[in-house]
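Shown next: upload19.cif, given as mmCIF, C-alpha atoms.
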data_query
loop_
_atom_site.group_PDB
_atom_site.id
_atom_site.type_symbol
_atom_site.label_atom_id
_atom_site.label_comp_id
_atom_site.auth_asym_id
_atom_site.auth_seq_id
_atom_site.Cartn_x
_atom_site.Cartn_y
_atom_site.Cartn_z
ATOM 1 C CA MET A 1 40.593 14.338 17.489
ATOM 2 C CA SER A 2 39.110 10.902 17.470
ATOM 3 C CA LEU A 3 36.260 9.681 15.365
ATOM 4 C CA ARG A 4 33.011 9.651 17.357
ATOM 5 C CA VAL A 5 30.570 7.320 15.673
ATOM 6 C CA TRP A 6 27.585 8.596 17.668
ATOM 7 C CA ARG A 7 27.903 11.864 15.792
ATOM 8 C CA VAL A 8 27.069 9.990 12.579
ATOM 9 C CA ALA A 9 23.789 8.941 14.165
ATOM 10 C CA VAL A 10 23.160 12.546 15.206
ATOM 11 C CA ILE A 11 23.826 13.799 11.645
ATOM 12 C CA VAL A 12 21.471 11.198 10.166
ATOM 13 C CA ALA A 13 18.767 11.868 12.763
ATOM 14 C CA ALA A 14 19.041 15.646 12.401
ATOM 15 C CA GLY A 15 18.899 15.372 8.609
ATOM 16 C CA ALA A 16 15.856 13.114 8.804
ATOM 17 C CA LEU A 17 14.142 15.534 11.194
ATOM 18 C CA LEU A 18 14.821 18.422 8.796
ATOM 19 C CA GLY A 19 13.331 16.317 6.028
ATOM 20 C CA PHE A 20 10.192 15.507 7.999
ATOM 21 C CA ALA A 21 9.819 19.156 9.014
ATOM 22 C CA TRP A 22 10.208 20.330 5.424
ATOM 23 C CA ASN A 23 7.751 17.695 4.265
ATOM 24 C CA ALA A 24 5.211 18.841 6.835
ATOM 25 C CA PHE A 25 5.554 22.592 6.370
ATOM 26 C CA ALA A 26 6.753 23.259 2.826
ATOM 27 C CA GLY A 27 3.352 22.618 1.334
ATOM 28 C CA ARG A 28 4.432 19.948 -1.121
ATOM 29 C CA GLY A 29 4.453 17.046 1.267
ATOM 30 C CA LEU A 30 4.188 13.373 0.479
ATOM 31 C CA ALA A 31 2.115 10.865 2.382
ATOM 32 C CA LEU A 32 5.035 9.181 4.125
ATOM 33 C CA SER A 33 3.797 5.638 4.385
ATOM 34 C CA SER A 34 2.084 5.314 1.052
ATOM 35 C CA ASN A 35 2.548 5.394 -2.663
ATOM 36 C CA ALA A 36 3.908 8.538 -4.277
ATOM 37 C CA TYR A 37 1.249 8.378 -6.954
ATOM 38 C CA ILE A 38 -1.677 8.673 -4.587
ATOM 39 C CA LYS A 39 -2.310 12.311 -3.822
ATOM 40 C CA PRO A 40 -3.144 13.120 -0.200
ATOM 41 C CA GLY A 41 -6.879 12.845 0.370
ATOM 42 C CA GLU A 42 -7.499 10.941 -2.825
ATOM 43 C CA ASP A 43 -10.013 8.138 -2.562
ATOM 44 C CA VAL A 44 -8.549 5.290 -4.559
ATOM 45 C CA GLU A 45 -8.944 1.560 -4.257
ATOM 46 C CA VAL A 46 -5.647 -0.278 -4.673
ATOM 47 C CA ILE A 47 -5.884 -4.071 -4.784
ATOM 48 C CA GLN A 48 -3.289 -6.819 -4.695
ATOM 49 C CA ALA A 49 -2.735 -9.364 -7.464
ATOM 50 C CA ALA A 50 -4.639 -12.142 -5.665
ATOM 51 C CA GLU A 51 -7.685 -9.927 -5.204
ATOM 52 C CA ALA A 52 -7.426 -8.848 -8.850
ATOM 53 C CA LYS A 53 -7.366 -12.497 -9.967
ATOM 54 C CA LYS A 54 -10.459 -13.182 -7.894
ATOM 55 C CA ARG A 55 -12.246 -10.244 -9.502
ATOM 56 C CA LEU A 56 -11.152 -11.359 -12.968
ATOM 57 C CA ASP A 57 -12.684 -14.783 -12.283
ATOM 58 C CA GLU A 58 -15.849 -13.036 -11.140
ATOM 59 C CA GLY A 59 -16.081 -11.119 -14.396
ATOM 60 C CA ALA A 60 -14.348 -7.832 -13.666
ATOM 61 C CA LEU A 61 -13.246 -5.825 -16.695
ATOM 62 C CA PHE A 62 -9.541 -5.050 -16.774
ATOM 63 C CA LEU A 63 -8.127 -1.942 -18.433
ATOM 64 C CA ASP A 64 -4.533 -1.814 -19.671
ATOM 65 C CA ALA A 65 -3.141 1.690 -19.172
ATOM 66 C CA ARG A 66 0.208 0.929 -20.796
ATOM 67 C CA PRO A 67 1.092 2.133 -24.307
ATOM 68 C CA ILE A 68 -0.729 0.053 -26.909
ATOM 69 C CA ALA A 69 2.471 -1.694 -28.068
ATOM 70 C CA PHE A 70 2.798 -3.367 -24.661
ATOM 71 C CA TYR A 71 -0.820 -4.464 -24.763
ATOM 72 C CA ASN A 72 -0.281 -6.021 -28.171
ATOM 73 C CA MET A 73 2.678 -7.988 -26.887
ATOM 74 C CA SER A 74 0.951 -9.420 -23.840
ATOM 75 C CA HIS A 75 -1.867 -8.496 -21.486
ATOM 76 C CA ILE A 76 -4.222 -9.844 -18.853
ATOM 77 C CA PRO A 77 -6.857 -12.057 -20.556
ATOM 78 C CA GLY A 78 -10.018 -10.125 -21.318
ATOM 79 C CA ALA A 79 -8.421 -6.761 -20.637
ATOM 80 C CA LEU A 80 -9.162 -3.845 -22.937
ATOM 81 C CA PRO A 81 -6.490 -1.329 -23.899
ATOM 82 C CA LEU A 82 -7.052 2.115 -22.425
ATOM 83 C CA PRO A 83 -3.620 3.724 -22.869
ATOM 84 C CA GLU A 84 -2.964 6.723 -20.699
ATOM 85 C CA ASP A 85 -1.300 8.515 -23.635
ATOM 86 C CA ASP A 86 -4.440 8.145 -25.775
ATOM 87 C CA PHE A 87 -7.052 8.301 -23.029
ATOM 88 C CA ASP A 88 -9.619 10.710 -24.466
ATOM 89 C CA ARG A 89 -10.029 9.002 -27.844
ATOM 90 C CA VAL A 90 -10.146 5.440 -26.482
ATOM 91 C CA PHE A 91 -12.388 6.405 -23.589
ATOM 92 C CA ALA A 92 -14.933 7.847 -26.037
ATOM 93 C CA SER A 93 -15.185 4.514 -27.834
ATOM 94 C CA LEU A 94 -15.351 2.500 -24.598
ATOM 95 C CA GLU A 95 -17.577 4.842 -22.632
ATOM 96 C CA PRO A 96 -20.924 2.975 -22.929
ATOM 97 C CA ARG A 97 -19.310 -0.277 -21.916
ATOM 98 C CA LEU A 98 -17.363 1.230 -19.009
ATOM 99 C CA ARG A 99 -20.458 2.945 -17.652
ATOM 100 C CA ASN A 100 -22.262 -0.380 -17.654
ATOM 101 C CA THR A 101 -19.516 -2.316 -15.907
ATOM 102 C CA LEU A 102 -19.544 -2.346 -12.138
ATOM 103 C CA ASP A 103 -16.137 -3.827 -11.509
ATOM 104 C CA LEU A 104 -13.173 -2.211 -13.269
ATOM 105 C CA VAL A 105 -9.490 -2.775 -12.572
ATOM 106 C CA VAL A 106 -6.727 -0.630 -14.123
ATOM 107 C CA TYR A 107 -3.146 -1.793 -14.360
ATOM 108 C CA CYS A 108 0.130 -0.658 -15.931
ATOM 109 C CA SER A 109 3.790 -1.600 -15.807
ATOM 110 C CA GLY A 110 4.165 -1.345 -12.024
ATOM 111 C CA TYR A 111 6.958 0.214 -9.973
ATOM 112 C CA GLY A 112 7.971 3.361 -11.825
ATOM 113 C CA CYS A 113 4.673 3.430 -13.704
ATOM 114 C CA GLU A 114 2.051 6.016 -12.939
ATOM 115 C CA ALA A 115 -0.299 5.418 -15.857
ATOM 116 C CA SER A 116 -2.829 3.309 -13.939
ATOM 117 C CA HIS A 117 -3.194 6.042 -11.344
ATOM 118 C CA ILE A 118 -3.663 8.712 -14.011
ATOM 119 C CA VAL A 119 -6.212 6.608 -15.882
ATOM 120 C CA ALA A 120 -8.119 5.822 -12.683
ATOM 121 C CA ARG A 121 -8.102 9.528 -11.818
ATOM 122 C CA LYS A 122 -9.406 10.511 -15.262
ATOM 123 C CA LEU A 123 -12.076 7.813 -15.053
ATOM 124 C CA ARG A 124 -13.152 9.118 -11.667
ATOM 125 C CA GLU A 125 -13.451 12.611 -13.136
ATOM 126 C CA LYS A 126 -15.877 11.072 -15.645
ATOM 127 C CA GLY A 127 -17.768 9.418 -12.821
ATOM 128 C CA VAL A 128 -16.440 5.908 -13.410
ATOM 129 C CA HIS A 129 -14.928 4.025 -10.486
ATOM 130 C CA ALA A 130 -11.964 1.743 -11.172
ATOM 131 C CA ALA A 131 -9.669 -0.100 -8.776
ATOM 132 C CA ILE A 132 -5.911 -0.075 -9.336
ATOM 133 C CA LEU A 133 -3.868 -3.261 -9.460
ATOM 134 C CA HIS A 134 -0.983 -2.673 -7.085
ATOM 135 C CA GLU A 135 2.387 -3.002 -8.879
ATOM 136 C CA GLY A 136 0.463 -3.825 -12.029
ATOM 137 C CA TRP A 137 1.843 -6.124 -14.681
ATOM 138 C CA PRO A 138 4.924 -7.445 -12.780
ATOM 139 C CA ALA A 139 2.756 -8.357 -9.762
ATOM 140 C CA TRP A 140 0.400 -10.237 -12.063
ATOM 141 C CA THR A 141 3.085 -12.169 -13.923
ATOM 142 C CA ASP A 142 5.142 -12.808 -10.765
ATOM 143 C CA ALA A 143 2.069 -14.469 -9.258
ATOM 144 C CA GLY A 144 1.951 -16.779 -12.272
ATOM 145 C CA TYR A 145 -1.504 -15.672 -13.391
ATOM 146 C CA PRO A 146 -2.488 -16.175 -17.031
ATOM 147 C CA THR A 147 -1.585 -13.721 -19.764
ATOM 148 C CA LYS A 148 -2.590 -13.459 -23.369
ATOM 149 C CA GLU A 149 -0.515 -12.406 -26.378
ATOM 150 C CA GLY A 150 -1.711 -10.429 -29.369
ATOM 151 C CA GLU A 151 -4.131 -7.651 -30.100
ATOM 152 C CA GLN A 152 -7.326 -9.491 -29.179
ATOM 153 C CA PRO A 153 -8.635 -9.137 -25.635
ATOM 154 C CA MET B 154 51.257 9.274 2.859
ATOM 155 C CA ARG B 155 52.495 12.531 4.393
ATOM 156 C CA ALA B 156 50.786 14.508 1.635
ATOM 157 C CA LEU B 157 47.440 12.895 2.513
ATOM 158 C CA ARG B 158 47.673 14.390 5.979
ATOM 159 C CA HIS B 159 48.172 17.946 4.779
ATOM 160 C CA PRO B 160 45.449 20.157 6.310
ATOM 161 C CA ALA B 161 45.012 22.151 3.085
ATOM 162 C CA LEU B 162 44.299 18.958 1.160
ATOM 163 C CA HIS B 163 41.642 18.053 3.720
ATOM 164 C CA TRP B 164 39.994 21.453 3.304
ATOM 165 C CA ILE B 165 39.934 21.111 -0.490
ATOM 166 C CA LEU B 166 38.604 17.545 -0.426
ATOM 167 C CA ALA B 167 35.985 18.365 2.210
ATOM 168 C CA ILE B 168 34.712 21.439 0.375
ATOM 169 C CA GLY B 169 34.602 19.493 -2.885
ATOM 170 C CA LEU B 170 32.786 16.494 -1.383
ATOM 171 C CA GLY B 171 30.458 18.761 0.571
ATOM 172 C CA ALA B 172 29.599 20.724 -2.562
ATOM 173 C CA VAL B 173 28.785 17.495 -4.408
ATOM 174 C CA PHE B 174 26.425 16.396 -1.640
ATOM 175 C CA ILE B 175 24.696 19.751 -1.337
ATOM 176 C CA TYR B 176 24.303 20.004 -5.111
ATOM 177 C CA ALA B 177 22.891 16.470 -5.156
ATOM 178 C CA SER B 178 20.299 17.348 -2.528
ATOM 179 C CA LEU B 179 18.838 20.499 -4.072
ATOM 180 C CA GLU B 180 16.564 19.110 -6.761
ATOM 181 C CA LYS B 181 15.466 16.197 -4.577
ATOM 182 C CA ILE B 182 14.375 18.640 -1.887
ATOM 183 C CA ALA B 183 12.515 20.736 -4.448
ATOM 184 C CA GLU B 184 10.804 17.769 -6.140
ATOM 185 C CA PRO B 185 10.176 15.055 -3.526
ATOM 186 C CA ARG B 186 7.517 13.387 -5.654
ATOM 187 C CA GLU B 187 9.862 12.920 -8.599
ATOM 188 C CA PHE B 188 12.559 11.599 -6.302
ATOM 189 C CA ALA B 189 10.152 9.167 -4.644
ATOM 190 C CA ARG B 190 9.326 7.824 -8.090
ATOM 191 C CA ILE B 191 13.001 7.140 -8.739
ATOM 192 C CA VAL B 192 13.408 5.487 -5.338
ATOM 193 C CA TYR B 193 10.520 3.174 -6.242
ATOM 194 C CA HIS B 194 12.204 2.339 -9.477
ATOM 195 C CA TYR B 195 15.133 0.715 -7.679
ATOM 196 C CA ARG B 196 12.697 -1.850 -6.232
ATOM 197 C CA ILE B 197 14.697 -2.178 -3.003
ATOM 198 C CA ILE B 198 12.360 -0.399 -0.647
ATOM 199 C CA GLY B 199 8.697 0.414 -0.898
ATOM 200 C CA PRO B 200 5.734 -1.835 -1.577
ATOM 201 C CA SER B 201 6.487 -5.436 -2.514
ATOM 202 C CA ALA B 202 10.169 -4.671 -2.845
ATOM 203 C CA ALA B 203 13.169 -6.300 -1.210
ATOM 204 C CA LEU B 204 12.826 -4.186 1.952
ATOM 205 C CA GLY B 205 9.112 -3.502 1.836
ATOM 206 C CA PHE B 206 8.873 -2.408 5.444
ATOM 207 C CA ILE B 207 10.608 0.893 4.694
ATOM 208 C CA PRO B 208 8.244 3.213 2.824
ATOM 209 C CA ALA B 209 10.023 4.675 -0.186
ATOM 210 C CA ASN B 210 8.392 8.022 0.466
ATOM 211 C CA THR B 211 10.025 8.258 3.880
ATOM 212 C CA LEU B 212 13.448 7.799 2.322
ATOM 213 C CA ALA B 213 12.641 10.268 -0.440
ATOM 214 C CA VAL B 214 11.737 12.865 2.175
ATOM 215 C CA THR B 215 14.683 12.356 4.527
ATOM 216 C CA LEU B 216 17.662 11.339 2.382
ATOM 217 C CA PRO B 217 18.100 14.685 0.574
ATOM 218 C CA TRP B 218 18.243 16.535 3.895
ATOM 219 C CA ILE B 219 20.780 14.131 5.311
ATOM 220 C CA GLU B 220 22.833 14.742 2.168
ATOM 221 C CA ALA B 221 22.495 18.505 2.531
ATOM 222 C CA LEU B 222 23.402 18.509 6.224
ATOM 223 C CA THR B 223 26.376 16.226 5.615
ATOM 224 C CA GLY B 224 27.589 18.487 2.819
ATOM 225 C CA LEU B 225 27.217 21.566 4.978
ATOM 226 C CA LEU B 226 29.177 20.038 7.867
ATOM 227 C CA LEU B 227 31.946 18.965 5.471
ATOM 228 C CA ILE B 228 32.266 22.470 4.083
ATOM 229 C CA VAL B 229 32.219 24.390 7.360
ATOM 230 C CA GLY B 230 34.467 21.847 9.033
ATOM 231 C CA ILE B 231 32.329 21.010 12.045
ATOM 232 C CA TRP B 232 32.341 17.294 12.894
ATOM 233 C CA ARG B 233 34.133 16.842 9.607
ATOM 234 C CA ARG B 234 35.385 13.307 10.157
ATOM 235 C CA GLU B 235 31.960 12.087 11.209
ATOM 236 C CA ALA B 236 30.312 13.920 8.309
ATOM 237 C CA ALA B 237 32.773 12.220 5.970
ATOM 238 C CA LEU B 238 31.881 8.868 7.532
ATOM 239 C CA THR B 239 28.187 9.619 7.002
ATOM 240 C CA ALA B 240 28.906 10.537 3.390
ATOM 241 C CA GLY B 241 30.834 7.300 2.971
ATOM 242 C CA ALA B 242 27.981 5.272 4.448
ATOM 243 C CA MET B 243 25.547 6.915 2.017
ATOM 244 C CA LEU B 244 27.882 6.232 -0.913
ATOM 245 C CA VAL B 245 28.150 2.560 0.100
ATOM 246 C CA THR B 246 24.342 2.423 0.233
ATOM 247 C CA PHE B 247 24.107 3.997 -3.222
ATOM 248 C CA LEU B 248 26.665 1.528 -4.576
ATOM 249 C CA VAL B 249 24.689 -1.401 -3.154
ATOM 250 C CA ALA B 250 21.467 -0.013 -4.650
ATOM 251 C CA ILE B 251 23.043 0.516 -8.077
ATOM 252 C CA GLY B 252 24.693 -2.891 -7.970
ATOM 253 C CA TYR B 253 21.419 -4.529 -6.964
ATOM 254 C CA ALA B 254 19.540 -2.810 -9.775
ATOM 255 C CA LEU B 255 22.157 -3.796 -12.336
ATOM 256 C CA ALA B 256 22.254 -7.381 -11.058
ATOM 257 C CA GLN B 257 18.467 -7.646 -11.229
ATOM 258 C CA GLY B 258 18.458 -6.226 -14.736
ATOM 259 C CA ILE B 259 16.377 -3.246 -13.641
ATOM 260 C CA ASP B 260 16.829 -0.527 -16.220
ATOM 261 C CA ILE B 261 17.487 2.666 -14.289
ATOM 262 C CA ALA B 262 17.436 5.399 -16.895
ATOM 263 C CA ASN B 263 17.793 8.105 -14.256
ATOM 264 C CA CYS B 264 19.828 7.151 -11.209
ATOM 265 C CA GLY B 265 18.392 10.019 -9.155
ATOM 266 C CA CYS B 266 21.870 11.096 -8.178
ATOM 267 C CA PHE B 267 21.654 14.781 -9.054
ATOM 268 C CA SER B 268 18.729 15.415 -11.336
ATOM 269 C CA VAL B 269 15.324 13.909 -10.667
ATOM 270 C CA SER B 270 13.341 15.228 -13.608
ATOM 271 C CA GLY B 271 13.544 14.237 -17.227
ATOM 272 C CA GLU B 272 16.951 13.245 -18.474
ATOM 273 C CA GLY B 273 19.180 12.053 -15.695
ATOM 274 C CA ARG B 274 22.242 9.891 -15.652
ATOM 275 C CA ALA B 275 21.796 6.206 -16.205
ATOM 276 C CA ALA B 276 22.994 3.715 -13.613
ATOM 277 C CA GLY B 277 26.024 1.942 -14.977
ATOM 278 C CA VAL B 278 29.718 1.231 -14.586
ATOM 279 C CA LYS B 279 30.667 4.887 -14.986
ATOM 280 C CA LEU B 280 28.406 5.811 -12.105
ATOM 281 C CA ILE B 281 29.898 3.081 -9.927
ATOM 282 C CA LEU B 282 33.415 4.374 -10.645
ATOM 283 C CA GLN B 283 32.359 7.903 -9.791
ATOM 284 C CA ASP B 284 30.848 6.751 -6.500
ATOM 285 C CA LEU B 285 33.994 4.792 -5.682
ATOM 286 C CA GLY B 286 36.031 7.961 -6.257
ATOM 287 C CA LEU B 287 33.838 9.926 -3.875
ATOM 288 C CA LEU B 288 34.038 7.043 -1.423
ATOM 289 C CA ALA B 289 37.840 7.246 -1.483
ATOM 290 C CA VAL B 290 37.649 10.966 -0.698
ATOM 291 C CA SER B 291 35.308 10.382 2.221
ATOM 292 C CA ALA B 292 37.556 7.579 3.511
ATOM 293 C CA ILE B 293 40.564 9.920 3.509
ATOM 294 C CA LEU B 294 38.595 12.588 5.362
ATOM 295 C CA ALA B 295 37.223 10.115 7.893
ATOM 296 C CA PHE B 296 40.220 7.926 8.597
ATOM 297 C CA VAL B 297 43.375 9.907 7.765
ATOM 298 C CA PRO B 298 43.509 12.688 10.347
ATOM 299 C CA PRO B 299 45.207 15.851 9.124
ATOM 300 C CA ARG B 300 48.431 16.935 10.747
ATOM 301 C CA ALA B 301 48.009 19.225 13.678
ATOM 302 C CA ARG B 302 48.710 22.837 12.818
ATOM 303 C CA GLU B 303 51.325 23.233 15.500
ATOM 304 C CA ALA B 304 54.688 21.846 14.547
ATOM 305 C CA VAL B 305 55.132 18.433 16.100
ATOM 306 C CA PRO B 306 58.069 18.509 18.524
ATOM 307 C CA ALA B 307 60.935 16.554 17.088
ATOM 308 C CA ALA B 308 61.033 14.263 20.087
ATOM 309 C CA THR B 309 57.426 13.114 19.626
ATOM 310 C CA PRO B 310 57.135 10.107 17.358
ATOM 311 C CA ILE B 311 54.312 10.498 14.802
ATOM 312 C CA ALA B 312 53.007 7.032 15.586
ATOM 313 C CA ALA B 313 52.194 8.030 19.137
ATOM 314 C CA SER B 314 49.878 10.859 18.168
#
Could you render the structure from this file as structure tokens?
Amino acid sequence: MSLRVWRVAVIVAAGALLGFAWNAFAGRGLALSSNAYIKPGEDVEVIQAAEAKKRLDEGALFLDARPIAFYNMSHIPGALPLPEDDFDRVFASLEPRLRNTLDLVVYCSGYGCEASHIVARKLREKGVHAAILHEGWPAWTDAGYPTKEGEQP
Amino acid sequence: MRALRHPALHWILAIGLGAVFIYASLEKIAEPREFARIVYHYRIIGPSAALGFIPANTLAVTLPWIEALTGLLLIVGIWRREAALTAGAMLVTFLVAIGYALAQGIDIANCGCFSVSGEGRAAGVKLILQDLGLLAVSAILAFVPPRAREAVPAATPIAAS
């Protein structure tokens, strides 16, 4: 019995088809072409680093969704800490300011980080719209944009 | 080398390798969102990653089923050599992904090999060795054909088969 390489392609294709079918019909599907953290039907604004820099220069208020220790090490200049793990308490103290700011951008540690999406979702539940910086902190630093160390915004 | 061609050995290796692949697929199928998160973490595919044109979610949805189907074929013995080759190709892909993550200094706390939630296995040298072991098994199954069950007539040289 010889090795028939086309069968490998059939196995891969059949497996992929099963996966797509399961994704479509099992009721826990993912949006295939997008980010795992965006729930289907969710209305979120995700912006790239260049757009975020432009908004920062125009006076947008940035919110750092990472744990406070990361903020204290380094953050985007002018950003305020709004850690996802301490959202309710910090939001209460920031609420008047957030409600009076038109342009908000949330970021976190990028890649495996979900905090910016959670914070943006919680803000939306409170009636506050915030954009999400795509890939967060690494996208910002990779682009060579300014950062600031220490606890002061 | 004669022992490697023993049909019983092929059955044992195939069932073992197939079981590993099916076991690996179960939690990923049940929790696609968690698995997608891990796929993102490797930073190879998905947005602004090395291969950004492949959405990570698409891989997270399809890969577990390819694993499951491959495992099933290995166990039941249909298209076994090709299933073993598929398994080997997946293992090579995993090795490249782990190697890339380690080389880039990406800290993969959970490799997404078997468990996708909470505490998983970290990507490291041990994991690479384990994958190489599985790769050896799949290579035997794919490229060392088992002896035919009928006794080979004495006049037929083995090399000609």
**Report entry** Hits from the PyMOL selection byres ((chain A and resi 48) around 6), listed as JSON, numbers by chain
**Finding:** {"A": [47, 49, 50, 51, 133, 134]}
Counting only C-alpha atoms, what are the residues of chain B within 8 Å of chain A, and for each of them which pair of atoms is the nearest and at what distance in Å, to one decimal? Sort the table by chain and rising number, as a tab-separated table.
residue	atom	partner	partner_atom	distance
B:Pro185	CA	A:Leu30	CA	7.4
B:Arg186	CA	A:Ala36	CA	6.2
B:Ala189	CA	A:Ala36	CA	6.3
B:Arg190	CA	A:Gly112	CA	6.0
B:Ile191	CA	A:Gly112	CA	7.0
B:Tyr193	CA	A:Tyr111	CA	5.9
B:His194	CA	A:Gly112	CA	4.9
B:Arg196	CA	A:Tyr111	CA	7.2
B:Pro200	CA	A:Asn35	CA	8.0
B:Ser201	CA	A:Glu135	CA	8.0
B:Pro208	CA	A:Ser33	CA	5.3
B:Ala209	CA	A:Ser33	CA	7.8
B:Asn210	CA	A:Leu32	CA	5.1
B:Thr211	CA	A:Leu32	CA	5.1
B:Val214	CA	A:Gly19	CA	5.4
B:Thr215	CA	A:Gly19	CA	4.4
B:Leu216	CA	A:Ala16	CA	6.9
B:Pro217	CA	A:Gly19	CA	7.4
B:Trp218	CA	A:Gly15	CA	4.9
B:Ile219	CA	A:Gly15	CA	4.0
B:Glu220	CA	A:Gly15	CA	7.6
B:Ala221	CA	A:Gly15	CA	7.7
B:Leu222	CA	A:Gly15	CA	6.0
B:Thr223	CA	A:Ile11	CA	7.0
B:Trp232	CA	A:Arg7	CA	7.6
B:Arg234	CA	A:Leu3	CA	6.4
B:Glu235	CA	A:Val8	CA	5.5
B:Ala236	CA	A:Val8	CA	6.6
B:Leu238	CA	A:Val8	CA	7.1
B:Thr239	CA	A:Val8	CA	5.7
B:Ala295	CA	A:Leu3	CA	7.5
B:Pro298	CA	A:Met1	CA	7.9
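Distance-wise, CA of Ser109 in chain A and CA of Leu82 in chain A end up 13.2 Å apart.
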Requested in this report: Find the residues with any atom within 7 Å of (18.6, 17.4, -10.2); use only C-alpha atoms and the coordinates as given in the file, and write the answer as a list in words.
Outcome: Ala177, Leu179, Glu180, Lys181, Phe267, Ser268, Val269 and Ser270 of chain B
Query - Two-atom distance - CA of Leu98 in chain A, CA of Leu61 in chain A (Å) - result: 8.5 Å
Query raised in the report: Can you list what the PyMOL selection byres ((chain A and resi 121) around 12) grabs from this structure, as a count of residues only?
Result: 29
Could you write out as lines of an AutoDock Vina configuration file the box around range 100-119 of chain A (axis-aligned, all atoms listed in the file, 6 Å on each side), with centre and edge lengths in Å to one decimal?
center_x = -7.1
center_y = 2.4
center_z = -13.8
size_x = 42.2
size_y = 24.5
size_z = 19.7
Query raised in the report: Suppose you want the space between CA of Pro77 in chain A and CA of Thr147 in chain A; what is it in Å?
Result: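 The value is 5.6 Å.
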Written as a PDB file with C-alpha atoms, in the coordinates of the input, which residues does the PyMOL selection byres ((chain A and resi 78) around 8) give for the file shown?
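Below is the file that was written, part-v6.pdb:
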ATOM      1  CA  LEU A  61     -13.246  -5.825 -16.695  1.00  0.00           C
ATOM      2  CA  PHE A  62      -9.541  -5.050 -16.774  1.00  0.00           C
ATOM      3  CA  ILE A  76      -4.222  -9.844 -18.853  1.00  0.00           C
ATOM      4  CA  PRO A  77      -6.857 -12.057 -20.556  1.00  0.00           C
ATOM      5  CA  ALA A  79      -8.421  -6.761 -20.637  1.00  0.00           C
ATOM      6  CA  LEU A  80      -9.162  -3.845 -22.937  1.00  0.00           C
ATOM      7  CA  PRO A 153      -8.635  -9.137 -25.635  1.00  0.00           C
TER       8      PRO A 153
END
**Report entry** 9 Å contact set for Asp86 in chain A, only C-alpha atoms, chain neighbours under 5 positions out, as a ChimeraX atom specification
**Finding:** /A:67-68,91
Requested in this report: Write out as a PyMOL selection string each polymer residue whose atoms come within 10 Å of range 287-291 of chain B, counting all atoms listed in the file; drop sequence neighbours fewer than 6 positions from it.
Outcome: chain B and resi 163+166-167+169-171+173+227+233-245+248+281+297
Query raised in the report: Using only C-alpha atoms, which of B:Leu285, B:Val192, B:Ala301, B:Ala292 sits nearest Ile261 in chain B?
Result: B:Val192
